[in-house]
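K.L.:
Structure supplied as coords30.cif; contents: mmCIF, C-alpha atoms.
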```cif
data_upload
loop_
_atom_site.group_PDB
_atom_site.id
_atom_site.type_symbol
_atom_site.label_atom_id
_atom_site.label_comp_id
_atom_site.auth_asym_id
_atom_site.auth_seq_id
_atom_site.Cartn_x
_atom_site.Cartn_y
_atom_site.Cartn_z
ATOM 1 C CA GLU A 729 3.884 -19.020 -0.009
ATOM 2 C CA ASP A 730 4.733 -15.570 1.329
ATOM 3 C CA GLN A 731 1.942 -14.292 3.522
ATOM 4 C CA VAL A 732 1.049 -11.446 5.859
ATOM 5 C CA THR A 733 -1.758 -11.833 8.402
ATOM 6 C CA GLN A 734 -3.058 -8.987 10.547
ATOM 7 C CA SER A 735 -5.167 -9.309 13.664
ATOM 8 C CA PRO A 736 -7.634 -8.349 14.828
ATOM 9 C CA GLU A 737 -9.565 -7.353 11.704
ATOM 10 C CA ALA A 738 -11.298 -4.621 13.679
ATOM 11 C CA LEU A 739 -10.624 -3.042 17.061
ATOM 12 C CA ARG A 740 -12.755 -0.632 19.036
ATOM 13 C CA LEU A 741 -11.115 1.317 21.836
ATOM 14 C CA GLN A 742 -12.135 4.034 24.198
ATOM 15 C CA GLU A 743 -10.043 7.167 24.128
ATOM 16 C CA GLY A 744 -6.997 6.575 26.338
ATOM 17 C CA GLU A 745 -7.300 2.767 26.229
ATOM 18 C CA SER A 746 -3.938 1.431 25.018
ATOM 19 C CA SER A 747 -3.706 -1.686 22.850
ATOM 20 C CA SER A 748 -1.633 -3.496 20.204
ATOM 21 C CA LEU A 749 -2.162 -4.576 16.636
ATOM 22 C CA ASN A 750 -0.477 -7.716 15.358
ATOM 23 C CA CYS A 751 1.148 -8.502 12.020
ATOM 24 C CA SER A 752 2.478 -12.021 11.526
ATOM 25 C CA TYR A 753 4.398 -12.875 8.392
ATOM 26 C CA THR A 754 5.795 -15.823 6.504
ATOM 27 C CA VAL A 755 8.375 -14.802 3.950
ATOM 28 C CA SER A 756 11.492 -16.322 2.484
ATOM 29 C CA GLY A 757 13.900 -13.632 3.599
ATOM 30 C CA LEU A 758 12.796 -10.254 4.905
ATOM 31 C CA ARG A 759 14.236 -7.041 3.525
ATOM 32 C CA GLY A 760 11.881 -4.829 5.485
ATOM 33 C CA LEU A 761 8.510 -4.582 7.221
ATOM 34 C CA PHE A 762 6.363 -1.503 6.748
ATOM 35 C CA TRP A 763 3.431 -0.010 8.623
ATOM 36 C CA TYR A 764 0.994 2.316 6.892
ATOM 37 C CA ARG A 765 -2.113 4.163 8.008
ATOM 38 C CA GLN A 766 -5.053 4.531 5.631
ATOM 39 C CA ASP A 767 -7.976 6.886 6.134
ATOM 40 C CA PRO A 768 -11.246 6.321 4.229
ATOM 41 C CA GLY A 769 -11.021 7.472 0.622
ATOM 42 C CA LYS A 770 -7.287 8.138 0.838
ATOM 43 C CA GLY A 771 -4.092 6.361 -0.060
ATOM 44 C CA PRO A 772 -1.923 4.704 2.610
ATOM 45 C CA GLU A 773 0.317 7.017 4.626
ATOM 46 C CA PHE A 774 3.759 5.715 5.543
ATOM 47 C CA LEU A 775 4.442 5.269 9.260
ATOM 48 C CA PHE A 776 7.472 3.022 9.896
ATOM 49 C CA THR A 777 9.997 0.678 8.362
ATOM 50 C CA LEU A 778 11.624 -2.083 10.448
ATOM 51 C CA TYR A 779 14.510 -4.170 9.178
ATOM 52 C CA SER A 780 15.670 -6.601 11.847
ATOM 53 C CA ALA A 781 14.365 -8.474 14.883
ATOM 54 C CA GLY A 782 14.521 -6.391 18.031
ATOM 55 C CA GLU A 783 14.178 -3.096 16.201
ATOM 56 C CA GLU A 784 11.687 -0.542 17.543
ATOM 57 C CA LYS A 785 10.463 2.788 16.162
ATOM 58 C CA GLU A 786 8.198 5.404 17.693
ATOM 59 C CA LYS A 787 6.096 8.257 16.422
ATOM 60 C CA GLU A 788 3.817 10.166 18.772
ATOM 61 C CA ARG A 789 1.429 7.590 20.299
ATOM 62 C CA LEU A 790 2.583 4.770 18.019
ATOM 63 C CA LYS A 791 5.416 2.307 18.578
ATOM 64 C CA ALA A 792 6.318 -0.493 16.183
ATOM 65 C CA THR A 793 8.350 -3.548 17.144
ATOM 66 C CA LEU A 794 9.665 -6.498 15.154
ATOM 67 C CA THR A 795 10.462 -10.126 15.933
ATOM 68 C CA LYS A 796 11.473 -12.906 13.559
ATOM 69 C CA LYS A 797 7.865 -13.852 12.847
ATOM 70 C CA GLU A 798 5.705 -10.873 13.713
ATOM 71 C CA SER A 799 5.448 -7.168 14.301
ATOM 72 C CA PHE A 800 3.351 -5.223 16.751
ATOM 73 C CA LEU A 801 1.985 -1.723 16.498
ATOM 74 C CA HIS A 802 1.410 -0.448 20.012
ATOM 75 C CA ILE A 803 -0.974 2.471 20.449
ATOM 76 C CA THR A 804 -0.629 4.318 23.731
ATOM 77 C CA ALA A 805 -3.518 6.444 25.028
ATOM 78 C CA PRO A 806 -5.188 6.672 21.606
ATOM 79 C CA LYS A 807 -7.284 9.632 20.507
ATOM 80 C CA PRO A 808 -10.253 9.655 18.112
ATOM 81 C CA GLU A 809 -7.998 11.018 15.357
ATOM 82 C CA ASP A 810 -6.041 7.741 15.483
ATOM 83 C CA SER A 811 -9.073 6.004 13.984
ATOM 84 C CA ALA A 812 -8.015 4.504 10.647
ATOM 85 C CA THR A 813 -7.072 1.237 9.005
ATOM 86 C CA TYR A 814 -3.509 0.204 9.784
ATOM 87 C CA LEU A 815 -1.747 -1.824 7.117
ATOM 88 C CA CYS A 816 1.316 -4.005 7.473
ATOM 89 C CA ALA A 817 3.472 -4.938 4.475
ATOM 90 C CA VAL A 818 6.653 -6.946 3.957
ATOM 91 C CA HIS A 819 9.291 -6.654 1.304
ATOM 92 C CA PRO A 820 10.653 -10.133 0.599
ATOM 93 C CA ASN A 821 14.306 -10.638 -0.149
ATOM 94 C CA TYR A 822 13.818 -11.825 -3.698
ATOM 95 C CA GLY A 823 11.720 -8.818 -4.688
ATOM 96 C CA GLY A 824 14.626 -6.915 -6.157
ATOM 97 C CA SER A 825 13.190 -3.590 -5.139
ATOM 98 C CA GLN A 826 10.726 -2.089 -2.736
ATOM 99 C CA GLY A 827 7.928 -2.151 -5.259
ATOM 100 C CA ASN A 828 7.164 -5.768 -4.560
ATOM 101 C CA LEU A 829 5.425 -5.270 -1.217
ATOM 102 C CA ILE A 830 3.083 -7.927 0.187
ATOM 103 C CA PHE A 831 0.301 -6.355 2.267
ATOM 104 C CA GLY A 832 -1.883 -7.714 5.028
ATOM 105 C CA LYS A 833 -5.588 -6.935 4.915
ATOM 106 C CA GLY A 834 -5.341 -4.394 7.693
ATOM 107 C CA THR A 835 -6.792 -3.695 11.115
ATOM 108 C CA LYS A 836 -9.602 -1.157 11.265
ATOM 109 C CA LEU A 837 -9.191 0.856 14.446
ATOM 110 C CA SER A 838 -12.012 2.937 15.920
ATOM 111 C CA VAL A 839 -11.343 5.145 18.924
ATOM 112 C CA LYS A 840 -14.409 6.521 20.685
ATOM 113 C CA PRO A 841 -14.261 9.694 22.787
ATOM 114 C CA LYS B 669 6.012 19.830 -2.297
ATOM 115 C CA ALA B 670 3.040 18.349 -4.123
ATOM 116 C CA GLY B 671 2.217 14.741 -3.385
ATOM 117 C CA VAL B 672 1.437 11.911 -5.759
ATOM 118 C CA THR B 673 -1.491 12.795 -7.993
ATOM 119 C CA GLN B 674 -3.775 10.365 -9.759
ATOM 120 C CA THR B 675 -6.372 11.024 -12.406
ATOM 121 C CA PRO B 676 -9.198 10.491 -12.719
ATOM 122 C CA ARG B 677 -10.324 9.997 -9.119
ATOM 123 C CA TYR B 678 -13.482 8.144 -10.059
ATOM 124 C CA LEU B 679 -14.405 6.157 -13.128
ATOM 125 C CA ILE B 680 -17.376 4.083 -14.223
ATOM 126 C CA LYS B 681 -16.982 1.656 -17.118
ATOM 127 C CA THR B 682 -18.874 -1.299 -18.525
ATOM 128 C CA ARG B 683 -17.626 -4.830 -19.065
ATOM 129 C CA GLY B 684 -15.463 -5.257 -22.133
ATOM 130 C CA GLN B 685 -14.283 -1.652 -22.241
ATOM 131 C CA GLN B 686 -10.751 -0.570 -21.552
ATOM 132 C CA VAL B 687 -9.468 2.102 -19.193
ATOM 133 C CA THR B 688 -6.310 4.147 -18.723
ATOM 134 C CA LEU B 689 -5.313 5.569 -15.355
ATOM 135 C CA SER B 690 -2.643 8.189 -14.829
ATOM 136 C CA CYS B 691 -0.156 8.840 -12.039
ATOM 137 C CA SER B 692 2.212 11.766 -11.523
ATOM 138 C CA PRO B 693 4.874 11.014 -8.907
ATOM 139 C CA ILE B 694 6.326 13.440 -6.418
ATOM 140 C CA SER B 695 8.780 15.758 -8.125
ATOM 141 C CA GLY B 696 12.203 14.097 -8.245
ATOM 142 C CA HIS B 697 10.857 10.606 -7.680
ATOM 143 C CA ARG B 698 11.708 8.208 -10.468
ATOM 144 C CA SER B 699 10.159 4.938 -9.302
ATOM 145 C CA VAL B 700 6.419 4.310 -9.619
ATOM 146 C CA SER B 701 4.500 1.272 -8.371
ATOM 147 C CA TRP B 702 0.862 0.366 -8.929
ATOM 148 C CA TYR B 703 -1.409 -1.561 -6.560
ATOM 149 C CA GLN B 704 -4.982 -2.814 -6.677
ATOM 150 C CA GLN B 705 -7.024 -2.611 -3.466
ATOM 151 C CA THR B 706 -10.254 -4.572 -2.983
ATOM 152 C CA PRO B 707 -12.181 -5.432 0.210
ATOM 153 C CA GLY B 708 -11.637 -9.151 -0.345
ATOM 154 C CA GLN B 709 -7.998 -9.279 -1.411
ATOM 155 C CA GLY B 710 -6.623 -6.124 0.171
ATOM 156 C CA LEU B 711 -3.694 -4.360 -1.465
ATOM 157 C CA GLN B 712 -1.996 -6.333 -4.225
ATOM 158 C CA PHE B 713 1.093 -5.331 -6.174
ATOM 159 C CA LEU B 714 0.578 -4.849 -9.900
ATOM 160 C CA PHE B 715 3.887 -3.576 -11.287
ATOM 161 C CA GLU B 716 6.787 -1.233 -10.731
ATOM 162 C CA TYR B 717 8.492 1.102 -13.188
ATOM 163 C CA PHE B 718 11.817 2.867 -13.063
ATOM 164 C CA SER B 719 13.524 4.745 -15.882
ATOM 165 C CA GLU B 720 10.714 3.804 -18.252
ATOM 166 C CA THR B 721 11.343 0.086 -17.625
ATOM 167 C CA GLN B 722 9.135 -2.396 -15.828
ATOM 168 C CA ARG B 723 11.209 -3.851 -12.988
ATOM 169 C CA ASN B 724 8.697 -6.074 -11.233
ATOM 170 C CA LYS B 725 5.288 -7.466 -12.027
ATOM 171 C CA GLY B 726 2.694 -8.983 -9.738
ATOM 172 C CA ASN B 727 0.443 -11.939 -10.414
ATOM 173 C CA PHE B 728 -2.137 -10.284 -12.652
ATOM 174 C CA PRO B 729 -3.335 -11.249 -16.140
ATOM 175 C CA GLY B 730 -1.925 -9.657 -19.262
ATOM 176 C CA ARG B 731 -4.989 -7.417 -19.512
ATOM 177 C CA PHE B 732 -3.208 -5.230 -16.984
ATOM 178 C CA SER B 733 -0.350 -3.248 -18.446
ATOM 179 C CA GLY B 734 1.525 -0.081 -17.743
ATOM 180 C CA ARG B 735 4.203 2.249 -18.914
ATOM 181 C CA GLN B 736 6.342 5.069 -17.677
ATOM 182 C CA PHE B 737 7.348 8.188 -19.523
ATOM 183 C CA SER B 738 10.642 10.059 -19.507
ATOM 184 C CA ASN B 739 9.264 12.566 -16.973
ATOM 185 C CA SER B 740 8.502 9.610 -14.613
ATOM 186 C CA ARG B 741 4.746 9.956 -15.044
ATOM 187 C CA SER B 742 3.092 6.579 -15.381
ATOM 188 C CA GLU B 743 -0.063 5.137 -16.838
ATOM 189 C CA MET B 744 -1.725 1.807 -16.357
ATOM 190 C CA ASN B 745 -4.189 0.262 -18.751
ATOM 191 C CA VAL B 746 -6.763 -2.442 -18.210
ATOM 192 C CA SER B 747 -8.291 -3.947 -21.336
ATOM 193 C CA THR B 748 -11.467 -6.009 -21.659
ATOM 194 C CA LEU B 749 -12.744 -4.970 -18.249
ATOM 195 C CA GLU B 750 -14.404 -7.535 -16.006
ATOM 196 C CA LEU B 751 -16.696 -6.953 -13.037
ATOM 197 C CA GLY B 752 -13.918 -8.162 -10.729
ATOM 198 C CA ASP B 753 -11.690 -5.312 -11.852
ATOM 199 C CA SER B 754 -13.756 -2.921 -9.747
ATOM 200 C CA ALA B 755 -11.286 -1.661 -7.176
ATOM 201 C CA LEU B 756 -9.249 1.240 -5.865
ATOM 202 C CA TYR B 757 -6.088 1.559 -7.951
ATOM 203 C CA LEU B 758 -3.224 3.119 -6.041
ATOM 204 C CA CYS B 759 -0.026 4.564 -7.347
ATOM 205 C CA ALA B 760 3.037 5.008 -5.148
ATOM 206 C CA SER B 761 6.270 6.813 -5.871
ATOM 207 C CA SER B 762 9.744 6.685 -4.378
ATOM 208 C CA LEU B 763 13.075 8.264 -5.203
ATOM 209 C CA ASP B 764 14.361 5.063 -6.755
ATOM 210 C CA PRO B 765 13.768 1.300 -6.404
ATOM 211 C CA GLY B 766 16.061 1.046 -3.404
ATOM 212 C CA SER B 767 14.352 3.812 -1.437
ATOM 213 C CA GLU B 768 12.908 2.993 1.940
ATOM 214 C CA THR B 769 9.700 4.974 1.647
ATOM 215 C CA GLN B 770 6.872 4.759 -0.860
ATOM 216 C CA TYR B 771 4.387 7.610 -0.943
ATOM 217 C CA PHE B 772 0.905 6.766 -2.099
ATOM 218 C CA GLY B 773 -1.535 8.837 -4.095
ATOM 219 C CA PRO B 774 -5.259 9.099 -3.288
ATOM 220 C CA GLY B 775 -6.136 6.382 -5.790
ATOM 221 C CA THR B 776 -8.580 5.999 -8.663
ATOM 222 C CA ARG B 777 -11.869 4.329 -7.779
ATOM 223 C CA LEU B 778 -12.938 2.171 -10.761
ATOM 224 C CA LEU B 779 -16.409 0.697 -10.947
ATOM 225 C CA VAL B 780 -17.141 -1.818 -13.704
ATOM 226 C CA LEU B 781 -20.815 -2.404 -14.480
#
```
Show me this structure written as structure tokens.
P.N.:
Amino acid sequence: EDQVTQSPEALRLQEGESSSLNCSYTVSGLRGLFWYRQDPGKGPEFLFTLYSAGEEKEKERLKATLTKKESFLHITAPKPEDSATYLCAVHPNYGGSQGNLIFGKGTKLSVKP
Amino acid sequence: KAGVTQTPRYLIKTRGQQVTLSCSPISGHRSVSWYQQTPGQGLQFLFEYFSETQRNKGNFPGRFSGRQFSNSRSEMNVSTLELGDSALYLCASSLDPGSETQYFGPGTRLLVL
């Protein structure tokens, strides 16, 4: 069964304390892996798409990497405004279109000043 | 450019009733997907519409249905509401089914009493 597992469920960091979030996946053929950020009471905000092992993408303090079985979201010197839930999703090969995304349950990140 | 809009934002219903939720995609976007988000199950794919046709459907009972209009606006309907249907219902739009990026709306919070 296709599955996406994110760890840890929750992460508390001090401002400036770098860390990584993990997304491991089991899917029969990967068309793409997506990272989203979700603030309380809002819809997910798109961050990155990764397509193949070894690929990396960066945006401000965030860097996403992909291997054959997992993806990491590295947060460098985080600020309080980075506090949010980070969601990982995969698009399996049989889905036919991007609509059929399988999401992990997310990592809730809190960054204290 | 206006983002994805969803109405209503909040809704309270009782068991057995039915509900209709509305989604207006970003102007020019023709693909609309619906997701259900709950604390226990996370984000789960409901269905995807493109050109007024359902392209993909998730593993939900037939009580959940949707449609898309010629202007790409979409509605989803849940009949015979159950307590477990309480959730945040998210709509996402993209240019077309092959697009890389889905943009999410703020969601409709449904509470079933």
K.L.:
Neighbours of Met744 in chain B within 6 Å (only C-alpha atoms; same-chain residues fewer than 5 positions away dropped), as a PDB file with C-alpha atoms, in the coordinates of the input?
P.N.:
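selection_32.pdb, written as the output of this step:
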```pdb
ATOM      1  CA  THR B 688      -6.310   4.147 -18.723  1.00  0.00           C
ATOM      2  CA  LEU B 689      -5.313   5.569 -15.355  1.00  0.00           C
ATOM      3  CA  SER B 733      -0.350  -3.248 -18.446  1.00  0.00           C
ATOM      4  CA  GLY B 734       1.525  -0.081 -17.743  1.00  0.00           C
TER       5      GLY B 734
END
```
K.L.:
Determine the nearest neighbour of chain A from the options B:Ser738, B:Gln686, B:Ser747, B:Gln674, counting all atoms listed in the file.
P.N.:
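The closest residue to chain A is B:Gln674.
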K.L.:
I'd like a table as CSV: residues in chain B with an atom no more than 7 Å from chain A, each row giving the shortest atom pair and its distance in Å to one decimal, all atoms listed in the file counted, sorted by chain and rising residue number.
P.N.:
```
residue,atom,partner,partner_atom,distance
B:Ser701,CA,A:Gly827,CA,5.8
B:Gly710,CA,A:Lys833,CA,4.9
B:Leu711,CA,A:Phe831,CA,5.8
B:Gln712,CA,A:Phe831,CA,6.9
B:Phe713,CA,A:Asn828,CA,6.3
B:Glu716,CA,A:Gly827,CA,5.7
B:Asn724,CA,A:Asn828,CA,6.9
B:Leu758,CA,A:Gly771,CA,6.9
B:Pro765,CA,A:Ser825,CA,5.1
B:Gly766,CA,A:Ser825,CA,5.7
B:Tyr771,CA,A:Phe774,CA,6.8
B:Phe772,CA,A:Gly771,CA,5.4
B:Gly773,CA,A:Gly771,CA,5.4
B:Pro774,CA,A:Gly771,CA,4.4
B:Gly775,CA,A:Gly771,CA,6.1
```
K.L.:
Could you give me, as a PyMOL selection string, the residues within 12 Å of Pro736 in chain A, counting only C-alpha atoms and dropping anything in the same chain fewer than 2 positions from it?
P.N.:
chain A and resi 733-734+738-740+747-752+800-801+813-815+832-837
K.L.:
Hey, can you check how far CA of Gln766 in chain A sits from CA of Ser811 in chain A?
P.N.:
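That distance, rounded to one decimal, is 9.4 Å.
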K.L.:
Can you measure CA of Glu784 in chain A to CA of Gly757 in chain A for me? One decimal in Å is fine.
P.N.:
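It comes out at 19.3 Å.
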K.L.:
At a cut-off of 12 Å, using only C-alpha atoms, what residues contact Thr748 in chain B? Leave out same-chain residues fewer than 4 positions from it and give the result as a ChimeraX atom specification.
P.N.:
/B:681-688,729-733,752-753,780
K.L.:
Given the choices B:Thr721, B:Tyr757, B:Gly726, B:Val672, which gets closest to Gly696 in chain B if the distance is worked out from all atoms listed in the file?
P.N.:
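Checking each candidate against Gly696 in chain B, we get B:Val672 as the closest.
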K.L.:
Taking the file as I've supplied it (selection: the PyMOL selection byres ((chain B and resi 739) around 12)), which residues are included? Please answer as a ChimeraX atom specification.
P.N.:
/B:691-700,718-720,735-738,740-743
K.L.:
Point out the residue among B:Thr675, B:Thr776, B:Leu781, B:Pro707 with the least atom-to-atom distance to Glu750 in chain B, counting only C-alpha atoms.
P.N.:
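Among B:Thr675, B:Thr776, B:Leu781, B:Pro707, it is B:Leu781 that comes nearest to Glu750 in chain B.
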K.L.:
Between CA of Val818 in chain A and CA of Leu758 in chain A, what is the distance, to one decimal in Å?
P.N.:
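One can read the CA of Val818 in chain A to CA of Leu758 in chain A distance as 7.0 Å.
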K.L.:
Between A:Leu761, A:Lys840, A:Val755, A:Gln742, single out the one closest to Lys785 in chain A, counting only C-alpha atoms.
P.N.:
A:Leu761
